[in-house]
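What follows is one structure encoded as structure tokens, with my remarks underneath.
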Amino acid sequence: MEAAARRRHPGAAGGPGAQPGASFLQARHSSVKADEAAGTAPFHLDLWFYFTLQNWVLDFGRPIAMLVFPLEWFPLNKPSVGDYFHMAYNIITPFLLLQIDSFELLYYYDEYLGHSMWYIPFFLILFMYFSGCFTPTKAESSMPGAALLLVVPSGLYYWYLVTEGQIFILFIFTSFAMLALVLHQKKRLFLDSNGLFLFYSFALTLLLVALWVAWLWNDPVLRKKYPGVIYVPEPWAFYTLHVSSQH
């Protein structure tokens, strides 16, 4: 009788004799209840309505407007009606995204995705330009006085770009690629004045970044803010934490 009773009444869910499926179903049921209690995310009617309206009017309607408006109104040396529609689309879109949740998304695009989309092509173009700054004549491998004066502000700006933009890895890879190219070409080609200027600017930047990191190496506040392997504090973070907070 006791054995039959045990077969008819398995242990309570979550107890020692509970079946695995019973505890899983109970946990899933409780999670569904929690989601229902939390409610669903609100639908941003204004955002998607204006987006849809803008897409149809300014994007789909752009070629239609070019057919409707006379070409004489838009000379060849001036923007066409389609260009005005395109410009309006690019101007209006950020304002449509100024919602609470969308603003966080825009912040992510600006701080992370936007940096990659801008700085990777930027340094790639700089390297491509640098690869063409070689001359077979050693006499042309010198810098004028104006270029020497510009090395310091140029290197200082790249230091700010690397530290504030948090692109040290991209910068160091570009610097190593430039150095490897110089070593590869050193037997038959020499850097011209433009190549020397860019090379010395990057070398000064690397020195400034190294001094910056060494100076703030044992800063406990910045260490907590930048816990990763690559420790390159941002100048504005240093200013906010150590300068402006004391005033």
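Going through the structure tokens in order, the chains are called A, B, and so on, while each chain numbers its residues from 1 and the ligands are numbered from 1 in the order shown.
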Query raised in the report: Within 12 Å of Leu198 (chain A), counting only C-alpha atoms, which residues qualify if same-chain residues fewer than 2 places away don't, as an NGL selection string?
Result: :A and (123 or 126-133 or 143 or 147-148 or 150-155 or 158 or 174-175 or 178-179 or 191-196 or 200-205)
Given the selection you just returned, output its residues as a file containing N, CA and C atoms, formatted as an mmCIF file, in the first residue's frame.
```
data_model
loop_
_atom_site.group_PDB
_atom_site.id
_atom_site.type_symbol
_atom_site.label_atom_id
_atom_site.label_comp_id
_atom_site.auth_asym_id
_atom_site.auth_seq_id
_atom_site.Cartn_x
_atom_site.Cartn_y
_atom_site.Cartn_z
ATOM 1 N N PHE A 123 42.664 55.816 -40.295
ATOM 2 C CA PHE A 123 44.040 55.336 -40.177
ATOM 3 C C PHE A 123 44.450 54.513 -41.396
ATOM 4 N N LEU A 126 45.483 57.093 -43.854
ATOM 5 C CA LEU A 126 46.791 57.625 -43.470
ATOM 6 C C LEU A 126 47.915 56.662 -43.842
ATOM 7 N N PHE A 127 47.696 55.382 -43.631
ATOM 8 C CA PHE A 127 48.728 54.399 -43.976
ATOM 9 C C PHE A 127 48.908 54.313 -45.493
ATOM 10 N N MET A 128 47.811 54.365 -46.235
ATOM 11 C CA MET A 128 47.927 54.347 -47.692
ATOM 12 C C MET A 128 48.679 55.576 -48.197
ATOM 13 N N TYR A 129 48.388 56.717 -47.588
ATOM 14 C CA TYR A 129 49.137 57.934 -47.950
ATOM 15 C C TYR A 129 50.614 57.777 -47.594
ATOM 16 N N PHE A 130 50.880 57.220 -46.417
ATOM 17 C CA PHE A 130 52.261 57.029 -45.970
ATOM 18 C C PHE A 130 53.023 56.096 -46.899
ATOM 19 N N SER A 131 52.342 55.087 -47.433
ATOM 20 C CA SER A 131 53.021 54.129 -48.329
ATOM 21 C C SER A 131 53.479 54.770 -49.626
ATOM 22 N N GLY A 132 52.925 55.921 -49.978
ATOM 23 C CA GLY A 132 53.369 56.625 -51.181
ATOM 24 C C GLY A 132 54.365 57.725 -50.908
ATOM 25 N N CYS A 133 54.819 57.867 -49.671
ATOM 26 C CA CYS A 133 55.751 58.941 -49.290
ATOM 27 C C CYS A 133 57.198 58.453 -49.275
ATOM 28 N N MET A 143 63.267 67.242 -43.777
ATOM 29 C CA MET A 143 62.074 68.006 -43.420
ATOM 30 C C MET A 143 62.396 69.492 -43.374
ATOM 31 N N ALA A 147 57.758 72.020 -41.280
ATOM 32 C CA ALA A 147 57.314 70.679 -40.901
ATOM 33 C C ALA A 147 57.787 70.324 -39.493
ATOM 34 N N LEU A 148 58.995 70.751 -39.141
ATOM 35 C CA LEU A 148 59.503 70.476 -37.795
ATOM 36 C C LEU A 148 58.657 71.177 -36.732
ATOM 37 N N LEU A 150 55.517 71.782 -36.969
ATOM 38 C CA LEU A 150 54.195 71.170 -36.907
ATOM 39 C C LEU A 150 54.196 69.791 -36.262
ATOM 40 N N VAL A 151 55.370 69.193 -36.063
ATOM 41 C CA VAL A 151 55.427 67.841 -35.499
ATOM 42 C C VAL A 151 54.844 67.815 -34.089
ATOM 43 N N VAL A 152 55.183 68.805 -33.269
ATOM 44 C CA VAL A 152 54.724 68.811 -31.871
ATOM 45 C C VAL A 152 53.200 68.951 -31.774
ATOM 46 N N PRO A 153 52.576 69.957 -32.406
ATOM 47 C CA PRO A 153 51.100 70.014 -32.311
ATOM 48 C C PRO A 153 50.414 68.830 -32.977
ATOM 49 N N SER A 154 51.007 68.286 -34.044
ATOM 50 C CA SER A 154 50.422 67.119 -34.697
ATOM 51 C C SER A 154 50.485 65.898 -33.784
ATOM 52 N N GLY A 155 51.638 65.649 -33.192
ATOM 53 C CA GLY A 155 51.770 64.517 -32.272
ATOM 54 C C GLY A 155 50.915 64.673 -31.047
ATOM 55 N N TYR A 158 47.310 63.758 -32.033
ATOM 56 C CA TYR A 158 47.119 62.314 -32.147
ATOM 57 C C TYR A 158 47.124 61.654 -30.773
ATOM 58 N N THR A 174 48.720 50.518 -36.633
ATOM 59 C CA THR A 174 49.106 51.397 -37.733
ATOM 60 C C THR A 174 50.562 51.806 -37.616
ATOM 61 N N SER A 175 51.008 52.107 -36.404
ATOM 62 C CA SER A 175 52.403 52.497 -36.191
ATOM 63 C C SER A 175 53.350 51.352 -36.537
ATOM 64 N N MET A 178 53.543 50.996 -40.292
ATOM 65 C CA MET A 178 54.398 52.038 -40.874
ATOM 66 C C MET A 178 55.870 51.719 -40.655
ATOM 67 N N LEU A 179 56.226 51.265 -39.450
ATOM 68 C CA LEU A 179 57.613 50.904 -39.159
ATOM 69 C C LEU A 179 58.060 49.721 -40.005
ATOM 70 N N LEU A 191 62.126 57.859 -46.953
ATOM 71 C CA LEU A 191 60.940 58.661 -46.689
ATOM 72 C C LEU A 191 61.167 60.099 -47.140
ATOM 73 N N ASP A 192 60.169 60.671 -47.812
ATOM 74 C CA ASP A 192 60.256 62.084 -48.169
ATOM 75 C C ASP A 192 59.805 62.934 -46.985
ATOM 76 N N SER A 193 59.685 64.231 -47.181
ATOM 77 C CA SER A 193 59.356 65.132 -46.071
ATOM 78 C C SER A 193 57.987 64.829 -45.470
ATOM 79 N N ASN A 194 57.012 64.461 -46.323
ATOM 80 C CA ASN A 194 55.685 64.148 -45.810
ATOM 81 C C ASN A 194 55.683 62.861 -44.995
ATOM 82 N N GLY A 195 56.407 61.849 -45.493
ATOM 83 C CA GLY A 195 56.502 60.598 -44.753
ATOM 84 C C GLY A 195 57.224 60.772 -43.434
ATOM 85 N N LEU A 196 58.299 61.581 -43.435
ATOM 86 C CA LEU A 196 59.019 61.837 -42.189
ATOM 87 C C LEU A 196 58.142 62.573 -41.180
ATOM 88 N N TYR A 200 57.347 60.867 -37.653
ATOM 89 C CA TYR A 200 57.766 61.504 -36.406
ATOM 90 C C TYR A 200 56.562 61.910 -35.549
ATOM 91 N N SER A 201 55.466 62.293 -36.187
ATOM 92 C CA SER A 201 54.255 62.624 -35.434
ATOM 93 C C SER A 201 53.741 61.406 -34.672
ATOM 94 N N PHE A 202 53.725 60.255 -35.349
ATOM 95 C CA PHE A 202 53.272 59.026 -34.693
ATOM 96 C C PHE A 202 54.250 58.590 -33.605
ATOM 97 N N ALA A 203 55.539 58.785 -33.848
ATOM 98 C CA ALA A 203 56.527 58.424 -32.831
ATOM 99 C C ALA A 203 56.359 59.291 -31.582
ATOM 100 N N LEU A 204 56.126 60.590 -31.787
ATOM 101 C CA LEU A 204 55.891 61.473 -30.646
ATOM 102 C C LEU A 204 54.604 61.098 -29.923
ATOM 103 N N THR A 205 53.585 60.745 -30.678
ATOM 104 C CA THR A 205 52.326 60.312 -30.062
ATOM 105 C C THR A 205 52.528 59.083 -29.191
#
```
Query raised in the report: Hey, what does DSSP flag as alpha helix (DSSP H) within region 18-195 of chain A? Can you give it to me as a VMD selection string?
Result: chain A and resid 20 to 38 45 to 54 61 to 68 81 to 96 100 to 108 114 to 131 145 to 165 168 to 185 193 to 195
Could you write those residues out with C-alpha atoms, as a CSV table (one decimal), in the first residue's frame?
```
chain,number,residue,atom,x,y,z
A,20,PRO,CA,12.9,16.9,-13.3
A,21,GLY,CA,10.1,17.8,-15.7
A,22,ALA,CA,7.9,19.0,-12.9
A,23,SER,CA,10.4,21.5,-11.5
A,24,PHE,CA,11.2,22.8,-15.0
A,25,LEU,CA,7.6,23.4,-15.8
A,26,GLN,CA,7.0,25.1,-12.5
A,27,ALA,CA,10.0,27.4,-13.0
A,28,ARG,CA,8.9,28.2,-16.5
A,29,HIS,CA,5.4,28.9,-15.4
A,30,SER,CA,6.6,31.2,-12.7
A,31,SER,CA,8.9,33.1,-15.2
A,32,VAL,CA,5.9,33.6,-17.5
A,33,LYS,CA,3.9,35.0,-14.6
A,34,ALA,CA,6.8,37.4,-13.8
A,35,ASP,CA,6.9,38.6,-17.4
A,36,GLU,CA,3.1,39.2,-17.3
A,37,ALA,CA,3.4,41.1,-14.1
A,38,ALA,CA,6.2,43.3,-15.5
A,45,LEU,CA,3.9,55.2,-32.0
A,46,ASP,CA,5.2,58.7,-32.5
A,47,LEU,CA,8.7,57.4,-33.4
A,48,TRP,CA,7.6,54.7,-35.9
A,49,PHE,CA,4.8,56.9,-37.4
A,50,TYR,CA,7.2,59.7,-38.2
A,51,PHE,CA,9.8,57.3,-39.5
A,52,THR,CA,7.3,55.7,-41.8
A,53,LEU,CA,6.1,59.1,-43.0
A,54,GLN,CA,9.7,60.3,-43.6
A,61,GLY,CA,9.2,60.3,-52.9
A,62,ARG,CA,12.6,61.7,-53.9
A,63,PRO,CA,12.6,60.5,-57.5
A,64,ILE,CA,9.0,61.4,-57.9
A,65,ALA,CA,9.7,65.0,-56.8
A,66,MET,CA,12.5,65.1,-59.4
A,67,LEU,CA,9.9,64.3,-62.0
A,68,VAL,CA,7.4,66.8,-60.8
A,81,VAL,CA,15.3,68.7,-55.4
A,82,GLY,CA,16.4,65.1,-54.8
A,83,ASP,CA,19.5,66.4,-53.0
A,84,TYR,CA,17.4,68.6,-50.8
A,85,PHE,CA,15.2,65.6,-50.0
A,86,HIS,CA,18.3,63.6,-49.1
A,87,MET,CA,19.7,66.3,-46.9
A,88,ALA,CA,16.4,66.7,-45.1
A,89,TYR,CA,16.3,63.0,-44.4
A,90,ASN,CA,19.8,63.1,-42.8
A,91,ILE,CA,18.9,66.1,-40.8
A,92,ILE,CA,15.5,65.0,-39.5
A,93,THR,CA,16.5,61.4,-38.6
A,94,PRO,CA,18.6,62.2,-35.5
A,95,PHE,CA,15.8,64.4,-34.1
A,96,LEU,CA,13.3,61.6,-34.5
A,100,ILE,CA,14.8,58.0,-23.9
A,101,ASP,CA,15.7,54.4,-25.2
A,102,SER,CA,16.8,55.7,-28.6
A,103,PHE,CA,19.2,58.2,-27.0
A,104,GLU,CA,21.0,55.3,-25.3
A,105,LEU,CA,21.3,53.6,-28.7
A,106,LEU,CA,22.6,56.7,-30.3
A,107,TYR,CA,25.2,57.0,-27.5
A,108,TYR,CA,26.3,53.4,-28.2
A,114,GLY,CA,30.8,55.3,-34.7
A,115,HIS,CA,34.5,55.3,-33.5
A,116,SER,CA,35.2,52.1,-35.4
A,117,MET,CA,33.4,53.3,-38.6
A,118,TRP,CA,35.4,56.6,-38.5
A,119,TYR,CA,38.8,55.7,-37.2
A,120,ILE,CA,39.5,52.5,-39.1
A,121,PRO,CA,39.1,54.1,-42.5
A,122,PHE,CA,40.9,57.2,-41.2
A,123,PHE,CA,44.0,55.3,-40.2
A,124,LEU,CA,43.8,53.1,-43.2
A,125,ILE,CA,43.9,56.2,-45.5
A,126,LEU,CA,46.8,57.6,-43.5
A,127,PHE,CA,48.7,54.4,-44.0
A,128,MET,CA,47.9,54.3,-47.7
A,129,TYR,CA,49.1,57.9,-47.9
A,130,PHE,CA,52.3,57.0,-46.0
A,131,SER,CA,53.0,54.1,-48.3
A,145,GLY,CA,61.5,74.0,-40.8
A,146,ALA,CA,57.8,74.4,-41.1
A,147,ALA,CA,57.3,70.7,-40.9
A,148,LEU,CA,59.5,70.5,-37.8
A,149,LEU,CA,57.4,73.1,-36.1
A,150,LEU,CA,54.2,71.2,-36.9
A,151,VAL,CA,55.4,67.8,-35.5
A,152,VAL,CA,54.7,68.8,-31.9
A,153,PRO,CA,51.1,70.0,-32.3
A,154,SER,CA,50.4,67.1,-34.7
A,155,GLY,CA,51.8,64.5,-32.3
A,156,LEU,CA,49.9,66.2,-29.4
A,157,TYR,CA,46.7,66.0,-31.3
A,158,TYR,CA,47.1,62.3,-32.1
A,159,TRP,CA,47.8,61.7,-28.5
A,160,TYR,CA,44.5,63.3,-27.6
A,161,LEU,CA,42.8,61.3,-30.4
A,162,VAL,CA,44.2,58.0,-29.2
A,163,THR,CA,43.5,58.5,-25.5
A,164,GLU,CA,40.1,60.2,-25.7
A,165,GLY,CA,38.9,58.1,-28.6
A,168,PHE,CA,45.2,52.6,-28.9
A,169,ILE,CA,45.1,49.2,-30.5
A,170,LEU,CA,44.3,50.7,-33.9
A,171,PHE,CA,47.0,53.3,-33.5
A,172,ILE,CA,49.7,50.8,-32.4
A,173,PHE,CA,48.9,48.5,-35.3
A,174,THR,CA,49.1,51.4,-37.7
A,175,SER,CA,52.4,52.5,-36.2
A,176,PHE,CA,53.9,49.0,-36.5
A,177,ALA,CA,52.7,48.7,-40.1
A,178,MET,CA,54.4,52.0,-40.9
A,179,LEU,CA,57.6,50.9,-39.2
A,180,ALA,CA,57.5,47.6,-41.0
A,181,LEU,CA,57.1,49.4,-44.3
A,182,VAL,CA,60.1,51.7,-43.6
A,183,LEU,CA,62.3,48.7,-42.7
A,184,HIS,CA,61.2,46.9,-45.8
A,185,GLN,CA,62.0,49.8,-48.1
A,193,SER,CA,59.4,65.1,-46.1
A,194,ASN,CA,55.7,64.1,-45.8
A,195,GLY,CA,56.5,60.6,-44.8
```
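Closest approach to Phe134 (chain A) among A:Pro75, A:Phe199, A:Leu97, A:Lys225 is made by A:Phe199 (distances from only C-alpha atoms).
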**Report entry** All strand (DSSP E) residues (DSSP, backbone) inside region 41-247 of chain A, as an MDAnalysis selection string
**Finding:** chainID A and resid 134:135 190:191
Write out, as a CSV table (one decimal), in the first residue's frame, the residues just selected, with N, CA, C and O atoms.
```csv
chain,number,residue,atom,x,y,z
A,134,PHE,N,57.6,57.8,-50.3
A,134,PHE,CA,59.0,57.3,-50.4
A,134,PHE,C,59.6,57.9,-51.7
A,134,PHE,O,59.0,58.1,-52.7
A,135,THR,N,60.9,58.1,-51.6
A,135,THR,CA,61.7,58.7,-52.7
A,135,THR,C,63.0,57.9,-52.9
A,135,THR,O,63.6,57.4,-51.9
A,190,PHE,N,63.7,56.0,-49.6
A,190,PHE,CA,63.8,56.8,-48.4
A,190,PHE,C,62.5,57.6,-48.2
A,190,PHE,O,61.8,57.9,-49.2
A,191,LEU,N,62.1,57.9,-47.0
A,191,LEU,CA,60.9,58.7,-46.7
A,191,LEU,C,61.2,60.1,-47.1
A,191,LEU,O,62.2,60.7,-46.9
```
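The gap separating CA of Asn218 (chain A) from CA of Leu241 (chain A) is 14.6 Å, in Å to one decimal.
Between CA of Tyr239 (chain A) and CA of Leu207 (chain A) the separation is 20.8 Å.
Separating CA of Glu234 (chain A) from CA of Leu222 (chain A) is a distance of 9.1 Å.
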